[in-house]
Structures are given as C-alpha cells and as structure tokens.
file data-v4.txt (compact mmCIF, C-alpha atoms)
# COMPACT_ATOMS: atom_id res chain seq x y z
CA GLN A 1 0.71 -12.54 -24.02
CA LEU A 2 2.71 -15.54 -25.08
CA HIS A 3 2.66 -18.84 -23.20
CA PHE A 4 6.11 -20.33 -22.62
CA ASP A 5 6.76 -24.04 -22.25
CA LYS A 6 10.35 -24.17 -21.02
CA ALA A 7 12.50 -27.26 -20.66
CA ALA A 8 16.11 -27.87 -19.67
CA VAL A 9 18.50 -27.90 -22.65
CA SER A 10 22.27 -28.20 -22.61
CA LEU A 11 24.15 -25.38 -24.29
CA GLU A 12 26.01 -27.93 -26.41
CA GLN A 13 22.83 -29.69 -27.57
CA TRP A 14 21.30 -26.34 -28.57
CA ARG A 15 24.53 -25.19 -30.26
CA GLU A 16 24.77 -28.38 -32.32
CA GLN A 17 21.11 -28.09 -33.36
CA LEU A 18 21.53 -24.47 -34.47
CA CYS A 19 24.80 -25.15 -36.32
CA GLU A 20 23.20 -27.97 -38.27
CA GLN A 21 20.00 -26.01 -38.88
CA TYR A 22 21.63 -22.89 -40.37
CA GLU A 23 24.84 -24.07 -42.03
CA ILE A 24 23.23 -25.01 -45.36
CA ASP A 25 21.23 -21.76 -45.64
CA VAL A 26 24.25 -19.60 -44.82
CA ARG A 27 26.56 -21.45 -47.22
CA SER A 28 23.86 -21.49 -49.94
CA ALA A 29 23.82 -17.69 -49.74
CA GLY A 30 27.52 -17.70 -50.70
CA LEU A 31 28.73 -16.97 -47.18
CA ALA A 32 31.27 -18.64 -44.92
CA PHE A 33 29.82 -20.11 -41.71
CA GLU A 34 31.38 -20.70 -38.32
CA CYS A 35 29.63 -22.07 -35.25
CA GLU A 36 31.76 -22.26 -32.12
CA TYR A 37 31.79 -22.81 -28.39
CA ILE A 38 34.27 -20.46 -26.77
CA GLY A 39 35.78 -21.92 -23.64
CA ASP A 40 38.19 -20.32 -21.23
CA LYS A 41 40.98 -18.73 -23.21
CA ASP A 42 43.64 -19.30 -20.55
CA GLY A 43 42.95 -23.04 -20.36
CA SER A 44 41.80 -23.07 -16.74
CA ASP A 45 38.89 -25.16 -15.52
CA TYR A 46 35.95 -24.22 -17.71
CA PRO A 47 32.58 -25.95 -17.83
CA ASP A 48 31.92 -28.42 -20.61
CA PRO A 49 29.06 -27.06 -22.76
CA GLN A 50 27.17 -30.32 -22.06
CA GLN A 51 27.12 -29.30 -18.37
CA ILE A 52 25.72 -25.82 -19.03
CA SER A 53 21.95 -25.92 -18.77
CA LEU A 54 19.36 -23.39 -19.93
CA GLN A 55 15.59 -23.30 -19.46
CA LEU A 56 14.27 -22.67 -22.96
CA ASP A 57 11.05 -22.72 -24.89
CA LEU A 58 12.89 -24.10 -27.92
CA PRO A 59 10.34 -23.19 -30.62
CA LYS A 60 10.19 -19.58 -29.39
CA ILE A 61 13.93 -19.10 -28.83
CA ASP A 62 14.56 -20.76 -32.21
CA GLN A 63 12.27 -18.10 -33.73
CA VAL A 64 14.68 -15.52 -32.27
CA MET A 65 17.71 -17.28 -33.71
CA ALA A 66 16.05 -17.64 -37.13
CA ASN A 67 15.34 -13.91 -37.18
CA LEU A 68 18.95 -13.08 -36.28
CA VAL A 69 20.54 -15.50 -38.74
CA TYR A 70 18.28 -14.57 -41.67
CA ASN A 71 18.77 -10.85 -40.99
CA ALA A 72 22.52 -11.49 -41.07
CA ILE A 73 22.22 -13.39 -44.37
CA LYS A 74 20.05 -10.63 -45.87
CA HIS A 75 22.53 -7.88 -44.97
CA THR A 76 25.80 -9.67 -45.82
CA GLN A 77 27.26 -9.66 -49.30
CA THR A 78 28.35 -12.84 -51.08
CA GLY A 79 31.79 -13.84 -49.85
CA GLY A 80 31.08 -12.55 -46.33
CA LYS A 81 30.90 -14.57 -43.14
CA ILE A 82 28.38 -15.34 -40.40
CA THR A 83 29.54 -16.65 -37.04
CA LEU A 84 27.45 -18.12 -34.23
CA SER A 85 29.34 -18.14 -30.92
CA PHE A 86 28.31 -19.67 -27.61
CA SER A 87 30.00 -19.19 -24.24
CA TYR A 88 29.32 -19.26 -20.52
CA ARG A 89 30.06 -16.27 -18.31
CA ARG A 90 30.83 -17.27 -14.73
CA ASP A 91 30.52 -13.72 -13.38
CA SER A 92 26.93 -13.26 -14.55
CA HIS A 93 25.90 -16.95 -14.61
CA ASP A 94 24.59 -16.76 -18.15
CA ALA A 95 25.15 -18.14 -21.60
CA LEU A 96 26.21 -15.57 -24.17
CA ILE A 97 25.15 -16.29 -27.74
CA THR A 98 26.25 -14.02 -30.57
CA VAL A 99 25.31 -13.86 -34.24
CA SER A 100 28.00 -11.88 -36.07
CA ASP A 101 28.21 -10.95 -39.71
CA THR A 102 30.57 -9.10 -42.02
CA GLY A 103 27.67 -7.27 -43.63
CA ILE A 104 26.70 -3.67 -44.25
CA GLY A 105 26.41 -2.77 -40.58
CA ILE A 106 24.09 -0.35 -38.80
CA GLU A 107 24.87 3.32 -38.24
CA ALA A 108 25.28 4.41 -34.61
CA GLU A 109 22.21 6.68 -34.72
CA HIS A 110 19.97 3.70 -35.65
CA LEU A 111 21.40 1.16 -33.20
CA PRO A 112 19.39 2.22 -30.09
CA TYR A 113 16.12 1.74 -31.98
CA ILE A 114 16.51 -1.57 -33.82
CA PHE A 115 14.61 -3.49 -31.11
CA ASP A 116 11.63 -1.07 -31.21
CA ARG A 117 8.41 -2.21 -32.87
CA PHE A 118 7.99 -1.08 -36.48
CA TYR A 119 11.39 0.64 -36.55
CA LYS A 120 13.08 0.38 -39.91
CA LYS A 121 16.43 1.85 -40.80
CA GLU A 122 15.17 3.02 -44.18
CA ILE A 123 11.87 4.80 -43.61
CA SER A 124 11.04 4.36 -47.30
CA ARG A 125 11.20 0.57 -46.96
CA ASN A 126 7.81 -1.08 -46.99
CA SER A 127 6.76 -4.61 -46.18
CA ALA A 128 6.89 -5.55 -49.87
CA ASP A 129 10.65 -5.08 -49.65
CA GLY A 130 10.73 -7.63 -46.85
CA GLY A 131 10.54 -6.70 -43.22
CA SER A 132 7.80 -5.30 -41.04
CA GLY A 133 10.05 -3.84 -38.37
CA LEU A 134 8.71 -6.42 -35.91
CA GLY A 135 11.31 -9.22 -35.99
CA LEU A 136 13.83 -7.76 -33.55
CA ALA A 137 11.09 -6.36 -31.29
CA ILE A 138 9.55 -9.84 -31.01
CA ALA A 139 13.03 -11.32 -30.47
CA LYS A 140 13.55 -8.90 -27.58
CA GLU A 141 10.22 -9.84 -25.99
CA ILE A 142 11.01 -13.56 -26.23
CA VAL A 143 14.54 -13.16 -24.84
CA GLU A 144 13.27 -11.00 -21.94
CA ALA A 145 10.52 -13.56 -21.19
CA HIS A 146 13.38 -16.06 -20.75
CA GLY A 147 14.96 -13.73 -18.17
CA GLY A 148 17.61 -12.66 -20.66
CA LYS A 149 18.88 -9.59 -22.44
CA ILE A 150 19.55 -8.79 -26.09
CA GLY A 151 21.71 -6.11 -27.63
CA ALA A 152 23.75 -5.16 -30.65
CA LYS A 153 27.00 -3.60 -31.70
CA SER A 154 27.76 -2.62 -35.24
CA GLU A 155 30.09 -0.71 -37.48
CA PRO A 156 28.94 0.38 -40.95
CA GLY A 157 30.86 -1.46 -43.65
CA ILE A 158 32.37 -3.88 -41.12
CA GLY A 159 29.41 -5.85 -39.78
CA THR A 160 27.01 -6.38 -36.93
CA THR A 161 26.93 -8.58 -33.83
CA ILE A 162 23.66 -9.26 -32.06
CA TRP A 163 24.15 -10.79 -28.62
CA ILE A 164 21.79 -12.65 -26.32
CA ALA A 165 22.52 -13.37 -22.67
CA LEU A 166 20.33 -16.08 -21.12
CA PRO A 167 20.33 -17.37 -17.54
CA ALA A 168 22.28 -20.61 -17.29
CA PHE A 169 23.62 -22.92 -14.63
CA ILE A 170 26.23 -25.65 -14.36
CA LEU A 171 24.94 -29.18 -13.77

call {"tool": "encode", "arguments": {"input": "data-v4.txt", "output": "structure tokens"}}
result
Amino acid sequence: QLHFDKAAVSLEQWREQLCEQYEIDVRSAGLAFECEYIGDKDGSDYPDPQQISLQLDLPKIDQVMANLVYNAIKHTQTGGKITLSFSYRRDSHDALITVSDTGIGIEAEHLPYIFDRFYKKEISRNSADGGSGLGLAIAKEIVEAHGGKIGAKSEPGIGTTIWIALPAFIL
C-alpha cells in the first residue's frame, strides 16, 4: 500500500517540468522530441493550461512518466521521435497526457497484457536484459490511485502511444 501526498499542480507547470526533464535524454538518444499542449482545434474558448489543476503526488506520478518516456526511448530507433502531449477534455473533466513514439510498436495480441505484473512481450527476456515486467503495472497502480486511467494503442513498425487520463478541474 502506497501513501500518496497529493498537491494542486497546474497542467502547464507540470508540462513545462516534464519537457525540461526529458528533452536532453530523448535528444541524447538520437531522437527528435516534441512536448506540446493541445488546445481547442477550432479556436473556441479553451482553458489556459495554467488554469487546469490536477491533484498529484508529483514524485509518484513522475515515476510513471519516467517509465513511459524511458520505455519509449528504449524501443525507438535512432532518428525516431518521441512526443509528449497534454490536453484537457471538457466532456470527461480530465487531463489527457500521451507519450507517443515512432518505435517498434507492440503486436495486438500483447497489448491487453502490458499493464499486468511480470508480463514481458518476449518470454525469453530476463531481468539482465533490462526490465522486470513491473514498470507498467506499477504505473497503472499509481495512475489509478490518482483516480485516473491508463491505456495504450500501438501498431508494429509504426509506434506506440501510452495515454493517461487524470481528473482535472478549471480554476
């Protein structure tokens, strides 16, 4: 049982922190990096990301983001791209955060299991090869303890997007 110490954080403050934190590591791996706030595409009244507030245990949710970003780096070839996107969804009153890569992707038959404890795509992989099969399971537990949801979509050879939806409100 984890103890959570949540505090109010603006979506913009968190986005800026994450962009700064991961840009060097992503670029050092020979990958392009984009970190964006996606507002309303039709230009109508859309909340400023400074006004979107989340209740986060920053060290724990940052552990989730680190897992997602470093997985993306690990599975994306040099010359690829990693994108962090942040948006607010009025209909569900949540912030949607995505980590997308142009990496190797995950086959459809593996996708439903990637958040299960100890699940590894390659059964032959052992912890010496890096990865215990716990990272995404722990990420899921942390996200759900924040009242959120986590999921993935992927296409082999095209890339993977892991998404997190966290409760948010407008100040």

call {"tool": "closest_atom_pairs", "arguments": {"input": "data-v4.txt", "of": "segment 33-85 of chain A", "to": "segment 18-28 of chain A", "cutoff": "9 Å", "atoms": "all atoms listed in the file", "output": "CSV"}}
result
residue,atom,partner,partner_atom,distance
A:Phe33,CA,A:Glu23,CA,6.4
A:Glu34,CA,A:Cys19,CA,8.2
A:Cys35,CA,A:Cys19,CA,5.8
A:Glu36,CA,A:Cys19,CA,8.6
A:Asp62,CA,A:Leu18,CA,8.2
A:Met65,CA,A:Leu18,CA,8.2
A:Ala66,CA,A:Tyr22,CA,8.3
A:Val69,CA,A:Tyr22,CA,7.6
A:Tyr70,CA,A:Val26,CA,8.4
A:Ile73,CA,A:Val26,CA,6.5
A:Lys81,CA,A:Val26,CA,8.5
A:Ile82,CA,A:Val26,CA,7.4
A:Leu84,CA,A:Cys19,CA,7.8

call {"tool": "closest_residue", "arguments": {"input": "data-v4.txt", "among": "A:Asp101, A:Ala152, A:Asp94, A:Gly157", "to": "Tyr113 of chain A", "atoms": "all atoms listed in the file"}}
result
A:Ala152

call {"tool": "closest_residue", "arguments": {"input": "data-v4.txt", "among": "A:His110, A:Lys6, A:Arg117, A:Arg15", "to": "Lys153 of chain A", "atoms": "only C-alpha atoms"}}
result
A:His110

call {"tool": "residues_around", "arguments": {"input": "data-v4.txt", "residues": "Ala7 of chain A", "least_positions_apart": "2", "cutoff": "12 Å", "atoms": "all atoms listed in the file", "output": "ChimeraX atom specification"}}
result
/A:4-5,9-10,14,53-61,146

call {"tool": "closest_residue", "arguments": {"input": "data-v4.txt", "among": "A:Thr83, A:Ser92, A:Thr102, A:Gln51", "to": "Lys149 of chain A", "atoms": "all atoms listed in the file"}}
result
A:Ser92

call {"tool": "residues_near_point", "arguments": {"input": "data-v4.txt", "point": "(27.7, -26.6, -11.5)", "cutoff": "10 Å", "atoms": "all atoms listed in the file", "output": "PDB file with C-alpha atoms, in the frame of the given file"}}
result
ATOM      1  CA  PRO A  47      32.580 -25.950 -17.830  1.00  0.00           C
ATOM      2  CA  GLN A  51      27.120 -29.300 -18.370  1.00  0.00           C
ATOM      3  CA  ILE A  52      25.720 -25.820 -19.030  1.00  0.00           C
ATOM      4  CA  SER A  53      21.950 -25.920 -18.770  1.00  0.00           C
ATOM      5  CA  ALA A 168      22.280 -20.610 -17.290  1.00  0.00           C
ATOM      6  CA  PHE A 169      23.620 -22.920 -14.630  1.00  0.00           C
ATOM      7  CA  ILE A 170      26.230 -25.650 -14.360  1.00  0.00           C
ATOM      8  CA  LEU A 171      24.940 -29.180 -13.770  1.00  0.00           C
TER       9      LEU A 171
END

call {"tool": "closest_residue", "arguments": {"input": "data-v4.txt", "among": "A:His75, A:Pro156, A:Leu68, A:Ala29", "to": "Ile138 of chain A", "atoms": "only C-alpha atoms"}}
result
A:Leu68

call {"tool": "atom_distance", "arguments": {"input": "data-v4.txt", "atom1": "atom CA of Leu136 of chain A", "atom2": "atom CA of Glu155 of chain A"}}
result
18.2 Å

call {"tool": "closest_residue", "arguments": {"input": "data-v4.txt", "among": "A:Gln77, A:Arg90, A:Ile38, A:Val99", "to": "Thr160 of chain A", "atoms": "only C-alpha atoms"}}
result
A:Val99

call {"tool": "closest_residue", "arguments": {"input": "data-v4.txt", "among": "A:Leu11, A:Ile106, A:Ala165, A:Ile114", "to": "Asp48 of chain A", "atoms": "only C-alpha atoms"}}
result
A:Leu11

call {"tool": "residues_around", "arguments": {"input": "data-v4.txt", "residues": "Val143 of chain A", "least_positions_apart": "3", "cutoff": "8 Å", "atoms": "only C-alpha atoms", "output": "MDAnalysis selection string"}}
result
chainID A and resid 61 64 139:140 146:150 164 166

call {"tool": "atom_distance", "arguments": {"input": "data-v4.txt", "atom1": "atom CA of Ala137 of chain A", "atom2": "atom CA of Tyr119 of chain A"}}
result
8.8 Å

call {"tool": "build_atoms", "arguments": {"input": "data-v4.txt", "residues": "segment 137-148 of chain A", "atoms": "all heavy atoms", "output": "compact mmCIF listing (two decimals), keeping the file's coordinate frame"}}
result
# COMPACT_ATOMS: atom_id res chain seq x y z
N ALA A 137 11.92 -6.70 -32.45
CA ALA A 137 11.09 -6.36 -31.29
C ALA A 137 10.52 -7.63 -30.67
O ALA A 137 10.52 -7.79 -29.44
CB ALA A 137 9.96 -5.41 -31.69
N ILE A 138 10.07 -8.56 -31.51
CA ILE A 138 9.55 -9.84 -31.01
C ILE A 138 10.70 -10.64 -30.39
O ILE A 138 10.53 -11.25 -29.33
CB ILE A 138 8.85 -10.62 -32.14
CG1 ILE A 138 7.57 -9.88 -32.55
CG2 ILE A 138 8.56 -12.05 -31.72
CD1 ILE A 138 6.93 -10.38 -33.83
N ALA A 139 11.86 -10.62 -31.02
CA ALA A 139 13.03 -11.32 -30.47
C ALA A 139 13.34 -10.80 -29.07
O ALA A 139 13.58 -11.58 -28.14
CB ALA A 139 14.24 -11.13 -31.38
N LYS A 140 13.29 -9.49 -28.90
CA LYS A 140 13.55 -8.90 -27.58
C LYS A 140 12.53 -9.37 -26.55
O LYS A 140 12.90 -9.74 -25.43
CB LYS A 140 13.54 -7.37 -27.69
CG LYS A 140 13.82 -6.68 -26.37
CD LYS A 140 13.79 -5.17 -26.51
CE LYS A 140 14.06 -4.52 -25.15
NZ LYS A 140 13.87 -3.09 -25.19
N GLU A 141 11.26 -9.39 -26.92
CA GLU A 141 10.22 -9.84 -25.99
C GLU A 141 10.43 -11.29 -25.57
O GLU A 141 10.29 -11.63 -24.40
CB GLU A 141 8.84 -9.68 -26.63
CG GLU A 141 8.42 -8.23 -26.76
CD GLU A 141 7.10 -8.06 -27.52
OE1 GLU A 141 6.35 -9.05 -27.66
OE2 GLU A 141 6.83 -6.93 -27.97
N ILE A 142 10.78 -12.14 -26.53
CA ILE A 142 11.01 -13.56 -26.23
C ILE A 142 12.22 -13.74 -25.33
O ILE A 142 12.18 -14.48 -24.34
CB ILE A 142 11.14 -14.38 -27.53
CG1 ILE A 142 9.79 -14.41 -28.27
CG2 ILE A 142 11.64 -15.80 -27.24
CD1 ILE A 142 9.85 -14.99 -29.68
N VAL A 143 13.31 -13.05 -25.65
CA VAL A 143 14.54 -13.16 -24.84
C VAL A 143 14.26 -12.67 -23.41
O VAL A 143 14.63 -13.32 -22.43
CB VAL A 143 15.71 -12.38 -25.48
CG1 VAL A 143 16.87 -12.23 -24.52
CG2 VAL A 143 16.15 -13.07 -26.76
N GLU A 144 13.58 -11.54 -23.28
CA GLU A 144 13.27 -11.00 -21.94
C GLU A 144 12.33 -11.92 -21.17
O GLU A 144 12.45 -12.05 -19.95
CB GLU A 144 12.73 -9.59 -22.06
CG GLU A 144 13.82 -8.60 -22.45
CD GLU A 144 13.33 -7.17 -22.65
OE1 GLU A 144 12.09 -6.93 -22.69
OE2 GLU A 144 14.21 -6.28 -22.79
N ALA A 145 11.42 -12.60 -21.85
CA ALA A 145 10.52 -13.56 -21.19
C ALA A 145 11.30 -14.78 -20.69
O ALA A 145 10.82 -15.49 -19.81
CB ALA A 145 9.41 -13.99 -22.14
N HIS A 146 12.48 -15.00 -21.22
CA HIS A 146 13.38 -16.06 -20.75
C HIS A 146 14.30 -15.55 -19.63
O HIS A 146 15.20 -16.25 -19.21
CB HIS A 146 14.22 -16.61 -21.89
CG HIS A 146 13.53 -17.61 -22.75
ND1 HIS A 146 12.66 -17.25 -23.76
CD2 HIS A 146 13.55 -18.97 -22.74
CE1 HIS A 146 12.20 -18.35 -24.35
NE2 HIS A 146 12.72 -19.40 -23.74
N GLY A 147 14.11 -14.31 -19.20
CA GLY A 147 14.96 -13.73 -18.17
C GLY A 147 16.28 -13.22 -18.72
O GLY A 147 17.22 -12.97 -17.96
N GLY A 148 16.36 -13.06 -20.04
CA GLY A 148 17.61 -12.66 -20.66
C GLY A 148 17.61 -11.24 -21.17
O GLY A 148 16.67 -10.47 -20.95
